[in-house]
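A short worksheet on the structure shown next.
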Amino acid sequence: MKHFNAVARVPGDPILGLMEAYRADPNPAKLDLGVGVYKDAQGLTPIPRAVKLAEQRLIDSETTKTYVGGHGDAAFGSLLATLVLGKGSPLLADGRAGATQTPGGTGALRLAGDFIAHCLPHRTIWLSDPTWPIHETLFTEAGLRVKHYPYVGRDNRLDVEAMIAALSHVPAGDVVLLHACCHNPTGFDLDQDDWRRVLEVIKARELLPLIDFAYQGFGDGLEEDAFAVRLFAEALPELLITSSCSKNFGLYRERTGALIVCAHDAEKLTDVRSQLASLARNLWSTPPAHGAAVVATILGDAELKALWQDELDAMRRRVAELRVGLVQALEPHGLHQRFAHIARQRGMFSYTGLTADQVARLRDEFSVYLVGSGRANVAGIDANRIDDLAKAIATVCAT
Ligand code: LMR
């Protein structure tokens with residue numbers, strides 16, 4: 001008997017598959033605007049100096065490789081929760097918020113999905129349309145029913161009114177996933193007034209927000225990007241937040257993140273956390289230690305933290321400059337109006353509005369890699385080749 005005979009082949013991941021296709025492309029002029037990783041002026045995804053220094057310290061001081069426990073590294077959890085919720089957060093002072101370390105932000109999302117499926121049964125999770133494709137599959141795999149609220153329409157514009165109108169009809173108790181900043185894949189974010197309006201609907205409908213916070217520091221700054229998270233945390237009795245250290249600490253492959261739970265009191269937080277540890281035990285047992293130890297070392301040391309913040313600021317500034325540079329480079333082709341939104345947005349991603357055919361032509365004719373949805377990782381642009389990129393875009397837009 002051939003046990004695997006009935007196993008069908010599934011298509012590769014639409015985002016990670018691009019990384020492989022890009023690596024295999026022999027064209028020296030290739031450009032990777034696919035997977036969401038930051039790239040420097042040399043086209044490398046650097047290890048921040050603060051991370052290198054922290055790693056050196058850890059190598060010298062680490063005395064054990066024993067398990068870190070169900071919630072992970074306690075120092076990491078406490079420092080990361082403070083970074084997310086703010087230094088003076090009353091939730092932290094009252095013991096109403098706690099972080100469970102997870103393998104990356106994706107692990108945090110999966111843990112949240114399993115928690116909802118096990119402990120809050122029959123709740124639907126509502127995702128923005130569009131959203132990161134893994135949100136769709138991950139929550140379905142966790143056993144949740146997935147529905148959508150409108151976010152960015154076919155005209156490639158943020159439609160806050162449609163979003164709010166749709167959320168106003170979501171059944172009480174359902175879960176709503178929101179992107180704290182740097183919306184993936186569109187790059188369109190809510191402004192502060194929009195967030196306040198969304199909060200009112202969430203309160204009125206008694207919904208549970210799950211805020212995906214994967215890009216803290218890549219939008220307007222570490223504190224500024226936490227606006228919605230902190231607004232919701234202070235106004236609502238309960239909240240789930242997934243935090244990722246992949247991008248802001250450059251720790252992508254170290255799989256470092258956390259699920260932060262805010263509960264209405266410390267007792268209930270302990271109940272929820274007991275469930276999370278139990279669910280995590282069946283997912284990954286205990287989380288990987290290294291990345292979290294690096295983050296804890298940096299956030300726990302004033303000098304390393306200042307260095308890291310400078311490096312993060314530089315990454316954010318570079319992406320903002322690339323955004324403006326691309327729109328300027330499109331001007332001679334008469335395309336600057338069409339793509340003007342790219343310069344106004346923040347973070348790594350922009351929905352370009354390019355069609356799947358245009359994206360395919362960019363890849364086949366120019367070795368420029370974007371996600372099929374037309375999402376570009378602006379952080380992947382080579383500033384020295386921005387005119388070539390603009391020319392390639394103009395070519396596929398012209399025909
Ligand atoms: C992306 O959206 O490109 C990143 O978040 C990487 C990933 O895991 O998909």
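Identifiers in the structure tokens: chain A, B, ... in order shown; residue index from 1 per chain; ligand index from 1 in order shown.
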Within 9 Å of region 99-101 of chain A, counting only C-alpha atoms, which residues qualify if same-chain residues fewer than 2 places away don't, as a ChimeraX atom specification?
-> /A:70-74,76-78,80-81,97,103-104,107-108,256-261,273,276-277,286-288,292
Write as a PyMOL selection string the residues around ligand 1, taking 8 Å as the cut-off and counting only C-alpha atoms and all ligand atoms.
-> chain A and resi 15-16+34-37+106+132-134+184-185+214+377
Using only C-alpha atoms, determine which residues lie at most 9 Å from Ala29 (chain A), disregarding the query and same-chain residues fewer than 6 positions distant; provide the list as a VMD selection string.
-> chain A and resid 366 to 368 385
Go ahead and write the residues just picked, all heavy atoms, as a PDB file, in the first residue's frame.
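What landed in result-v9.pdb:
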```pdb
ATOM      1  N   PHE A 366      11.128  42.133 -16.572  1.00  0.00           N
ATOM      2  CA  PHE A 366      12.096  43.015 -15.899  1.00  0.00           C
ATOM      3  C   PHE A 366      12.695  42.407 -14.628  1.00  0.00           C
ATOM      4  O   PHE A 366      13.481  43.062 -13.950  1.00  0.00           O
ATOM      5  CB  PHE A 366      11.414  44.350 -15.533  1.00  0.00           C
ATOM      6  CG  PHE A 366      10.879  45.084 -16.727  1.00  0.00           C
ATOM      7  CD1 PHE A 366       9.549  44.970 -17.095  1.00  0.00           C
ATOM      8  CD2 PHE A 366      11.715  45.875 -17.497  1.00  0.00           C
ATOM      9  CE1 PHE A 366       9.052  45.635 -18.203  1.00  0.00           C
ATOM     10  CE2 PHE A 366      11.236  46.554 -18.610  1.00  0.00           C
ATOM     11  CZ  PHE A 366       9.894  46.431 -18.961  1.00  0.00           C
ATOM     12  N   SER A 367      12.303  41.185 -14.289  1.00  0.00           N
ATOM     13  CA  SER A 367      12.775  40.544 -13.045  1.00  0.00           C
ATOM     14  C   SER A 367      12.462  41.412 -11.815  1.00  0.00           C
ATOM     15  O   SER A 367      13.246  41.494 -10.871  1.00  0.00           O
ATOM     16  CB  SER A 367      14.280  40.248 -13.099  1.00  0.00           C
ATOM     17  OG  SER A 367      14.549  39.251 -14.038  1.00  0.00           O
ATOM     18  N   VAL A 368      11.308  42.068 -11.857  1.00  0.00           N
ATOM     19  CA  VAL A 368      10.832  42.834 -10.697  1.00  0.00           C
ATOM     20  C   VAL A 368       9.718  42.015 -10.047  1.00  0.00           C
ATOM     21  O   VAL A 368       8.723  41.695 -10.703  1.00  0.00           O
ATOM     22  CB  VAL A 368      10.295  44.220 -11.129  1.00  0.00           C
ATOM     23  CG1 VAL A 368       9.655  44.934  -9.929  1.00  0.00           C
ATOM     24  CG2 VAL A 368      11.414  45.062 -11.724  1.00  0.00           C
ATOM     25  N   ARG A 385      18.380  52.347  -8.520  1.00  0.00           N
ATOM     26  CA  ARG A 385      17.725  51.820  -9.722  1.00  0.00           C
ATOM     27  C   ARG A 385      16.254  52.209  -9.774  1.00  0.00           C
ATOM     28  O   ARG A 385      15.444  51.573 -10.440  1.00  0.00           O
ATOM     29  CB  ARG A 385      17.916  50.301  -9.782  1.00  0.00           C
ATOM     30  CG  ARG A 385      19.401  49.935  -9.778  1.00  0.00           C
ATOM     31  CD  ARG A 385      19.775  48.668 -10.485  1.00  0.00           C
ATOM     32  NE  ARG A 385      18.722  48.200 -11.328  1.00  0.00           N
ATOM     33  CZ  ARG A 385      17.948  47.139 -11.052  1.00  0.00           C
ATOM     34  NH1 ARG A 385      18.120  46.479  -9.936  1.00  0.00           N
ATOM     35  NH2 ARG A 385      17.027  46.757 -11.883  1.00  0.00           N
TER      36      ARG A 385
END
```
Go through A:Glu55, A:Cys397, A:Asp265, A:Arg154 one by one, measure the shortest atom-to-atom distance of each to Asp357 (chain A) using only C-alpha atoms, and give the residue with the smallest value.
->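 Closest to Asp357 (chain A), using only C-alpha atoms: A:Cys397.
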Would you list the contacts of Asp94 (chain A) as a PDB file with all heavy atoms, in the first residue's frame, taking every protein, DNA or RNA residue within 10 Å and counting only C-alpha atoms, but skipping same-chain residues closer than 5 positions in sequence?
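So the final result, stored in out37.pdb, reads:
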```pdb
ATOM      1  N   SER A  89       1.213  52.468  31.413  1.00  0.00           N
ATOM      2  CA  SER A  89      -0.075  51.803  31.201  1.00  0.00           C
ATOM      3  C   SER A  89      -0.705  51.338  32.513  1.00  0.00           C
ATOM      4  O   SER A  89      -0.112  50.542  33.249  1.00  0.00           O
ATOM      5  CB  SER A  89       0.120  50.595  30.282  1.00  0.00           C
ATOM      6  OG  SER A  89      -0.997  49.751  30.362  1.00  0.00           O
ATOM      7  N   HIS A 264     -10.278  42.033  32.056  1.00  0.00           N
ATOM      8  CA  HIS A 264     -10.920  43.059  32.894  1.00  0.00           C
ATOM      9  C   HIS A 264     -10.392  43.048  34.326  1.00  0.00           C
ATOM     10  O   HIS A 264     -10.522  44.027  35.037  1.00  0.00           O
ATOM     11  CB  HIS A 264     -12.440  42.968  32.837  1.00  0.00           C
ATOM     12  CG  HIS A 264     -12.996  41.670  33.318  1.00  0.00           C
ATOM     13  ND1 HIS A 264     -13.274  40.633  32.461  1.00  0.00           N
ATOM     14  CD2 HIS A 264     -13.302  41.237  34.557  1.00  0.00           C
ATOM     15  CE1 HIS A 264     -13.752  39.620  33.165  1.00  0.00           C
ATOM     16  NE2 HIS A 264     -13.764  39.957  34.432  1.00  0.00           N
ATOM     17  N   ASP A 265      -9.808  41.930  34.757  1.00  0.00           N
ATOM     18  CA  ASP A 265      -9.105  41.978  36.046  1.00  0.00           C
ATOM     19  C   ASP A 265      -7.986  40.932  36.057  1.00  0.00           C
ATOM     20  O   ASP A 265      -7.899  40.084  35.153  1.00  0.00           O
ATOM     21  CB  ASP A 265     -10.052  41.839  37.246  1.00  0.00           C
ATOM     22  CG  ASP A 265     -10.755  40.483  37.318  1.00  0.00           C
ATOM     23  OD1 ASP A 265     -10.172  39.490  36.824  1.00  0.00           O
ATOM     24  OD2 ASP A 265     -11.874  40.429  37.843  1.00  0.00           O
ATOM     25  N   ALA A 266      -7.145  41.022  37.074  1.00  0.00           N
ATOM     26  CA  ALA A 266      -5.948  40.183  37.126  1.00  0.00           C
ATOM     27  C   ALA A 266      -6.305  38.698  37.246  1.00  0.00           C
ATOM     28  O   ALA A 266      -5.617  37.835  36.683  1.00  0.00           O
ATOM     29  CB  ALA A 266      -5.072  40.617  38.306  1.00  0.00           C
TER      30      ALA A 266
END
```
Given the choices A:Arg145, A:Arg317, A:Arg255, A:Lys87, which gets closest to Trp126 (chain A) if the distance is worked out from only C-alpha atoms?
->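 Result for the nearest residue to Trp126 (chain A): A:Arg145.
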Please give the complete set of residues from region 306-387 of chain A that DSSP, run on the backbone, assigns to strand (DSSP E or B), formatted as a list of chain:residue names.
->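 After running DSSP on the backbone, region 306-387 of chain A has strand (DSSP E or B) at A:Phe349, A:Ser350, A:Tyr351, A:Val368, A:Tyr369, A:Arg375, A:Ala376, A:Asn377.
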Please produce a file of the residues just selected, as a JSON list (two decimals), in the first residue's frame, where the atoms kept are C-alpha atoms.
```
[["chain", "number", "residue", "atom", "x", "y", "z"],
["A", 349, "PHE", "CA", 3.64, 47.85, 1.79],
["A", 350, "SER", "CA", 1.55, 49.60, -0.82],
["A", 351, "TYR", "CA", -1.17, 48.29, -3.00],
["A", 368, "VAL", "CA", 10.83, 42.83, -10.70],
["A", 369, "TYR", "CA", 9.01, 40.74, -8.11],
["A", 375, "ARG", "CA", 1.34, 44.64, -3.32],
["A", 376, "ALA", "CA", 4.82, 46.14, -3.43],
["A", 377, "ASN", "CA", 7.29, 46.01, -0.56]]
```
Would you please extract all alpha helix (DSSP H) residues from region 26-269 of chain A, as assigned by DSSP on the backbone, and give them as a VMD selection string?
-> chain A and resid 49 to 61 74 to 85 90 to 93 104 to 119 133 to 141 160 to 167 192 to 205 227 to 235 266 to 269
Where does region 229-327 of chain A meet region 191-209 of chain A within 9 Å, residue by residue, with the nearest atom pair and distance in Å to one decimal for each, counting only C-alpha atoms, listed by chain and rising number, as a Markdown table?
```
| residue | atom | partner | partner_atom | distance |
| --- | --- | --- | --- | --- |
| A:Leu231 | CA | A:Arg196 | CA | 8.0 |
| A:Phe232 | CA | A:Leu199 | CA | 6.8 |
| A:Ala235 | CA | A:Leu199 | CA | 8.2 |
| A:Leu236 | CA | A:Lys203 | CA | 7.4 |
| A:Glu238 | CA | A:Leu208 | CA | 7.0 |
| A:Leu239 | CA | A:Pro209 | CA | 5.7 |
| A:Leu240 | CA | A:Pro209 | CA | 6.4 |
| A:Ile241 | CA | A:Pro209 | CA | 8.2 |
```
Suppose we keep C-alpha atoms; can you now write the selection as an mmCIF file, in the first residue's frame?
```cif
data_model
loop_
_atom_site.group_PDB
_atom_site.id
_atom_site.type_symbol
_atom_site.label_atom_id
_atom_site.label_comp_id
_atom_site.auth_asym_id
_atom_site.auth_seq_id
_atom_site.Cartn_x
_atom_site.Cartn_y
_atom_site.Cartn_z
ATOM 1 C CA LEU A 231 -6.677 53.759 22.841
ATOM 2 C CA PHE A 232 -8.440 50.394 22.734
ATOM 3 C CA ALA A 235 -11.255 52.027 26.682
ATOM 4 C CA LEU A 236 -12.181 48.349 26.539
ATOM 5 C CA GLU A 238 -10.741 43.022 27.006
ATOM 6 C CA LEU A 239 -8.388 43.000 24.053
ATOM 7 C CA LEU A 240 -6.023 40.671 22.195
ATOM 8 C CA ILE A 241 -2.841 42.053 20.616
#
```
Near Lys391 (chain A), counting only C-alpha atoms, which residues have an atom at most 9 Å away, once you skip same-chain residues fewer than 3 positions from it, shown as a PyMOL selection string?
-> chain A and resi 329-330+333+386-388+394-396
Would you output that residue set with N, CA, C and O atoms, as a PDB file, in the first residue's frame?
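Writing the result to out-v8.pdb gives the following:
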```
ATOM      1  N   ALA A 329      10.048  59.510  -9.418  1.00  0.00           N
ATOM      2  CA  ALA A 329      10.613  58.852 -10.600  1.00  0.00           C
ATOM      3  C   ALA A 329       9.527  58.507 -11.615  1.00  0.00           C
ATOM      4  O   ALA A 329       9.801  58.355 -12.811  1.00  0.00           O
ATOM      5  N   LEU A 330       8.287  58.399 -11.140  1.00  0.00           N
ATOM      6  CA  LEU A 330       7.180  58.084 -12.062  1.00  0.00           C
ATOM      7  C   LEU A 330       6.651  59.338 -12.762  1.00  0.00           C
ATOM      8  O   LEU A 330       5.914  59.253 -13.742  1.00  0.00           O
ATOM      9  N   HIS A 333       6.966  59.914 -16.487  1.00  0.00           N
ATOM     10  CA  HIS A 333       6.124  58.986 -17.256  1.00  0.00           C
ATOM     11  C   HIS A 333       4.641  59.351 -17.139  1.00  0.00           C
ATOM     12  O   HIS A 333       3.776  58.617 -17.615  1.00  0.00           O
ATOM     13  N   ILE A 386      15.956  53.295  -9.076  1.00  0.00           N
ATOM     14  CA  ILE A 386      14.547  53.677  -8.966  1.00  0.00           C
ATOM     15  C   ILE A 386      13.987  54.127 -10.325  1.00  0.00           C
ATOM     16  O   ILE A 386      12.826  53.901 -10.640  1.00  0.00           O
ATOM     17  N   ASP A 387      14.881  54.740 -11.161  1.00  0.00           N
ATOM     18  CA  ASP A 387      14.415  55.168 -12.483  1.00  0.00           C
ATOM     19  C   ASP A 387      14.114  53.958 -13.368  1.00  0.00           C
ATOM     20  O   ASP A 387      13.157  53.976 -14.148  1.00  0.00           O
ATOM     21  N   ASP A 388      14.938  52.905 -13.248  1.00  0.00           N
ATOM     22  CA  ASP A 388      14.675  51.680 -14.021  1.00  0.00           C
ATOM     23  C   ASP A 388      13.349  51.076 -13.601  1.00  0.00           C
ATOM     24  O   ASP A 388      12.568  50.605 -14.438  1.00  0.00           O
ATOM     25  N   ALA A 394       6.129  51.930 -15.971  1.00  0.00           N
ATOM     26  CA  ALA A 394       5.504  52.687 -17.064  1.00  0.00           C
ATOM     27  C   ALA A 394       5.283  51.774 -18.267  1.00  0.00           C
ATOM     28  O   ALA A 394       4.248  51.863 -18.947  1.00  0.00           O
ATOM     29  N   THR A 395       6.228  50.898 -18.544  1.00  0.00           N
ATOM     30  CA  THR A 395       6.093  50.004 -19.705  1.00  0.00           C
ATOM     31  C   THR A 395       4.879  49.096 -19.557  1.00  0.00           C
ATOM     32  O   THR A 395       4.076  48.959 -20.473  1.00  0.00           O
ATOM     33  N   VAL A 396       4.729  48.488 -18.351  1.00  0.00           N
ATOM     34  CA  VAL A 396       3.597  47.556 -18.221  1.00  0.00           C
ATOM     35  C   VAL A 396       2.266  48.305 -18.090  1.00  0.00           C
ATOM     36  O   VAL A 396       1.216  47.728 -18.373  1.00  0.00           O
TER      37      VAL A 396
END
```
Compile the contact shell of Gly143 (chain A) as a list of chain:residue names: residues with an atom at most 8 Å away, counting only C-alpha atoms, same-chain residues fewer than 3 positions apart removed.
->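 After dropping sequence-adjacent residues, the list is A:Gly113, A:Asp114, A:Ala117, A:Phe139, A:Thr140.
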Just-selected residues, N, CA and C atoms written as an mmCIF file, in the first residue's frame:
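Result saved to again_24.cif:
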```
data_model
loop_
_atom_site.group_PDB
_atom_site.id
_atom_site.type_symbol
_atom_site.label_atom_id
_atom_site.label_comp_id
_atom_site.auth_asym_id
_atom_site.auth_seq_id
_atom_site.Cartn_x
_atom_site.Cartn_y
_atom_site.Cartn_z
ATOM 1 N N GLY A 113 -6.031 32.444 17.488
ATOM 2 C CA GLY A 113 -7.055 31.689 16.765
ATOM 3 C C GLY A 113 -7.482 30.459 17.548
ATOM 4 N N ASP A 114 -6.522 29.732 18.076
ATOM 5 C CA ASP A 114 -6.847 28.531 18.856
ATOM 6 C C ASP A 114 -7.581 28.900 20.138
ATOM 7 N N ALA A 117 -11.132 29.686 19.206
ATOM 8 C CA ALA A 117 -11.848 28.458 18.825
ATOM 9 C C ALA A 117 -12.189 27.609 20.057
ATOM 10 N N PHE A 139 -6.714 31.419 10.372
ATOM 11 C CA PHE A 139 -7.890 31.344 11.246
ATOM 12 C C PHE A 139 -8.838 30.227 10.796
ATOM 13 N N THR A 140 -8.874 29.970 9.496
ATOM 14 C CA THR A 140 -9.677 28.845 9.008
ATOM 15 C C THR A 140 -9.092 27.544 9.550
#
```
CA of Arg57 (chain A) to CA of Glu254 (chain A): how many Å, to one decimal?
->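 Taking CA of Arg57 (chain A) as the start and CA of Glu254 (chain A) as the end point, the length is 16.8 Å.
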Using only C-alpha atoms, which of the listed residues (A:Val176, A:Leu127, A:Leu389, A:Ala75) sits closest to Glu365 (chain A)?
-> A:Leu389
Hey, which of A:Ala228, A:Leu251, A:Val327, A:Leu279 ends up closest to Ile47 (chain A)? Count only C-alpha atoms.
->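 Checking each of A:Ala228, A:Leu251, A:Val327, A:Leu279 against Ile47 (chain A), counting only C-alpha atoms, the winner is A:Leu251.
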Pick out the closest residue to Ser61 (chain A) from this set: A:Gln345, A:Thr297, A:Thr355, A:Thr137. Count only C-alpha atoms.
->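 Using only C-alpha atoms, the shortest distance to Ser61 (chain A) belongs to A:Thr297.
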Test item: residues at most 8 Å from Asp189 (chain A), only C-alpha atoms, excluding those fewer than 4 positions along its chain, as a PyMOL selection string = chain A and resi 158+181-183+345
Have a look at A:Arg346, A:Arg363, A:His148, A:Lys247 and name the one nearest to Ala162 (chain A); count only C-alpha atoms.
-> A:His148
